[in-house]
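Okay, structure first, notes after.
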Amino acid sequence: MKIRQLAALLFALTIFILPQPALAQSKYYDPPLSFSNAELSRRDFSGQMLRAAEFSNANMDLTNFSNADLRGAIMSASVMTKANLHGANLTNAMIDQVRFTQADLSDANLTETILLRSTFDEADITGADFTDAIMDGAQVKELCTKASGINSQTGISTRDSLGCR
C-alpha cells in the first residue's frame, strides 16, 4: 500500500514540478491552408478568411474570391482566368507569374504585393490599390492605360497607386 502511495506522490510531483514543453495556442494562429497544385475552378471562397493560404501552381479559373481576406497569401504560378477578386484584400501577398486574363480585380487591395511577371490581359482594375506593389515596368505601363477609380477601402486612386503620369 505504501509503495502505491509513494508512486502516486512521485508521479504528482513530476507533473507539477518539472517543466513542461510549451504548446502552441492555435486559437490565435491557425495554420495556413494549402491548395498548392489544386484544381479550384469555379470554387467559391467569397468573404472567407484565407490569410497566408497557399495557392501555388493552382488552376483558379472562374473562382470567386470576392471580399476574401487573402493577406499574405501565396498564389505563385497560378491561372486565374475570369476569377472574381472584387474587394479582396491581397495586402503583402506573393502573386508572381499569375495570369489574370479577364479577371475582376476591381476595388481589390494589392498594397505591398509582389506581382512580378503576372499578366493582366483584359482584367478589370477599376479602383484597385497597387500602393508599394512590386511590379515590372512593363506591367505598370500596361495597367496605367486602363487605370481608373478610387479604392473604397483605402481611398487611393488606382492611377496614383501605380504612379501613372
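Residues are named by chain letter and number: chains run A, B, ... in the order of the C-alpha cells, numbers start at 1 in each chain, and ligands are numbered from 1 in the order shown.
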
Which residues, written as a PDB file with N, CA and C atoms, in the first residue's frame, have at least one atom at most 12 Å from Arg165 of chain A, with only C-alpha atoms counted and residues fewer than 6 positions away on the same chain left out?
```pdb
ATOM      1  N   VAL A 140       3.373  48.006 -65.145  1.00  0.00           N
ATOM      2  CA  VAL A 140       2.852  49.306 -64.714  1.00  0.00           C
ATOM      3  C   VAL A 140       2.395  50.105 -65.927  1.00  0.00           C
ATOM      4  N   LYS A 141       3.206  50.125 -66.967  1.00  0.00           N
ATOM      5  CA  LYS A 141       2.859  50.863 -68.184  1.00  0.00           C
ATOM      6  C   LYS A 141       1.542  50.350 -68.766  1.00  0.00           C
ATOM      7  N   LEU A 143      -0.896  48.650 -67.170  1.00  0.00           N
ATOM      8  CA  LEU A 143      -2.016  48.910 -66.267  1.00  0.00           C
ATOM      9  C   LEU A 143      -2.401  50.386 -66.242  1.00  0.00           C
ATOM     10  N   CYS A 144      -1.444  51.275 -66.435  1.00  0.00           N
ATOM     11  CA  CYS A 144      -1.752  52.709 -66.454  1.00  0.00           C
ATOM     12  C   CYS A 144      -2.662  53.080 -67.624  1.00  0.00           C
ATOM     13  N   THR A 145      -2.637  52.300 -68.713  1.00  0.00           N
ATOM     14  CA  THR A 145      -3.502  52.602 -69.855  1.00  0.00           C
ATOM     15  C   THR A 145      -4.971  52.392 -69.537  1.00  0.00           C
ATOM     16  N   ALA A 147      -6.098  52.259 -65.984  1.00  0.00           N
ATOM     17  CA  ALA A 147      -6.306  52.562 -64.567  1.00  0.00           C
ATOM     18  C   ALA A 147      -7.325  53.669 -64.371  1.00  0.00           C
ATOM     19  N   THR A 158      -6.477  54.371 -58.283  1.00  0.00           N
ATOM     20  CA  THR A 158      -5.681  53.345 -58.958  1.00  0.00           C
ATOM     21  C   THR A 158      -4.490  53.968 -59.675  1.00  0.00           C
ATOM     22  N   ARG A 159      -4.737  55.083 -60.358  1.00  0.00           N
ATOM     23  CA  ARG A 159      -3.651  55.755 -61.091  1.00  0.00           C
ATOM     24  C   ARG A 159      -2.546  56.201 -60.150  1.00  0.00           C
TER      25      ARG A 159
END
```

task: as number ranges by chain, please: all residues of chain A that backbone DSSP puts in alpha helix (DSSP H).
output: A: 2-17, 137-144, 158-162

For the selection you just gave me, I'd like the residues written to a file as a short mmCIF file (atom, residue, chain, number, x, y, z; two decimals), in the first residue's frame, keeping C-alpha atoms.
```cif
data_model
loop_
_atom_site.label_atom_id
_atom_site.label_comp_id
_atom_site.auth_asym_id
_atom_site.auth_seq_id
_atom_site.Cartn_x
_atom_site.Cartn_y
_atom_site.Cartn_z
CA LYS A 2 2.82 2.43 0.90
CA ILE A 3 4.53 1.71 -2.45
CA ARG A 4 1.40 2.77 -4.37
CA GLN A 5 1.08 5.98 -2.36
CA LEU A 6 4.76 6.76 -2.88
CA ALA A 7 4.46 6.10 -6.64
CA ALA A 8 1.39 8.36 -6.85
CA LEU A 9 3.21 11.10 -4.94
CA LEU A 10 6.26 10.87 -7.23
CA PHE A 11 4.02 10.98 -10.29
CA ALA A 12 2.18 14.06 -9.00
CA LEU A 13 5.46 15.82 -8.19
CA THR A 14 6.78 15.02 -11.66
CA ILE A 15 3.76 16.62 -13.30
CA PHE A 16 3.69 19.78 -11.20
CA ILE A 17 7.38 20.47 -10.61
CA GLY A 137 7.91 48.45 -65.50
CA ALA A 138 6.05 46.92 -68.47
CA GLN A 139 3.24 45.82 -66.16
CA VAL A 140 2.85 49.31 -64.71
CA LYS A 141 2.86 50.86 -68.18
CA GLU A 142 0.15 48.45 -69.37
CA LEU A 143 -2.02 48.91 -66.27
CA CYS A 144 -1.75 52.71 -66.45
CA THR A 158 -5.68 53.35 -58.96
CA ARG A 159 -3.65 55.75 -61.09
CA ASP A 160 -1.89 57.23 -58.06
CA SER A 161 -1.15 53.81 -56.55
CA LEU A 162 0.51 52.76 -59.83
#
```

Within 8 Å of Ala103 of chain A using only C-alpha atoms, minus same-chain residues under 4 positions, as a ChimeraX atom specification: /A:80-85,120,122-124

Would you save the residues from that selection as a short mmCIF file (atom, residue, chain, number, x, y, z; two decimals), in the first residue's frame, using N, CA and C atoms?
```cif
data_model
loop_
_atom_site.label_atom_id
_atom_site.label_comp_id
_atom_site.auth_asym_id
_atom_site.auth_seq_id
_atom_site.Cartn_x
_atom_site.Cartn_y
_atom_site.Cartn_z
N MET A 80 -5.68 32.38 -63.18
CA MET A 80 -6.90 32.96 -62.60
C MET A 80 -7.75 33.61 -63.68
N THR A 81 -7.94 32.93 -64.79
CA THR A 81 -8.76 33.45 -65.87
C THR A 81 -10.20 33.63 -65.40
N LYS A 82 -10.72 34.83 -65.60
CA LYS A 82 -12.08 35.21 -65.22
C LYS A 82 -12.38 35.00 -63.74
N ALA A 83 -11.35 35.05 -62.90
CA ALA A 83 -11.55 34.94 -61.45
C ALA A 83 -12.13 36.24 -60.92
N ASN A 84 -12.92 36.15 -59.85
CA ASN A 84 -13.53 37.31 -59.23
C ASN A 84 -12.78 37.62 -57.93
N LEU A 85 -12.02 38.73 -57.94
CA LEU A 85 -11.29 39.18 -56.77
C LEU A 85 -11.79 40.56 -56.32
N PHE A 120 -2.17 40.77 -67.01
CA PHE A 120 -3.49 41.33 -66.70
C PHE A 120 -4.29 41.57 -67.98
N GLU A 122 -7.02 42.09 -70.36
CA GLU A 122 -8.44 42.38 -70.25
C GLU A 122 -8.97 42.31 -68.81
N ALA A 123 -8.11 42.49 -67.82
CA ALA A 123 -8.54 42.48 -66.41
C ALA A 123 -9.17 43.82 -66.04
N ASP A 124 -10.14 43.79 -65.15
CA ASP A 124 -10.78 45.00 -64.63
C ASP A 124 -10.06 45.40 -63.35
#
```

field: Which of A:Ser148, A:Met49, A:Ile114, A:Asn64 sits closest to Asp136 of chain A [using only C-alpha atoms]
entry: A:Ile114

message: Could you tell me how far atom CA of Pro32 of chain A sits from atom CA of Asp104 of chain A, in Å to one decimal place?
response: 24.8 Å

- request: Please identify all polymer residues within 7 Å of Gly72 of chain A, counting only C-alpha atoms, omitting same-chain residues fewer than 2 positions from it, and present them as number ranges by chain.
  value: A: 51-52, 70, 74, 90-94

Store the residues picked out above in a file with C-alpha atoms, as a compact mmCIF listing (two decimals), in the first residue's frame.
```txt
# COMPACT_ATOMS: atom_id res chain seq x y z
CA ARG A 51 -4.65 34.70 -44.56
CA ALA A 52 -1.31 33.18 -45.61
CA LEU A 70 -6.03 36.93 -48.62
CA ILE A 74 0.88 32.86 -51.97
CA LEU A 90 -4.34 40.85 -51.02
CA THR A 91 -2.01 43.00 -48.93
CA ASN A 92 1.52 41.53 -48.69
CA ALA A 93 0.60 38.62 -50.96
CA MET A 94 3.01 36.85 -53.31
```

message: Let me make sure I understand: among A:Asp129, A:Glu112, A:Asp121, A:Glu54, which one has the smallest atom-to-atom distance to Ala88 of chain A if we use only C-alpha atoms?
response: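 Closest residue, counting only C-alpha atoms: A:Asp129.
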
message: Just to confirm, what's the straight-line distance from atom CA of Arg42 of chain A to atom CA of Ile150 of chain A in Å (one decimal)?
response: 28.1 Å

task: Show which residues sit within 8 Å of His86 of chain A, as a PyMOL selection string. Count only C-alpha atoms, and ignore same-chain residues fewer than 2 positions away.
output: chain A and resi 65-67+84+88+104-108

- request: In Å, rounded to a single decimal, give me how far atom CA of Leu110 of chain A is from atom CA of Met60 of chain A.
  value: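 These two atoms are separated by 18.0 Å.
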
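Among A:Ala53, A:Asn59, A:Ser78, A:Gln153, the residue with the shortest atom-to-atom distance to Ile95 of chain A, counting only C-alpha atoms, is A:Ser78.
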
task: Select, from A:Ala128, A:Val98, A:Leu40, A:Val79, the residue with the minimum atom-to-atom distance to Thr154 of chain A, counting only C-alpha atoms.
output: A:Ala128
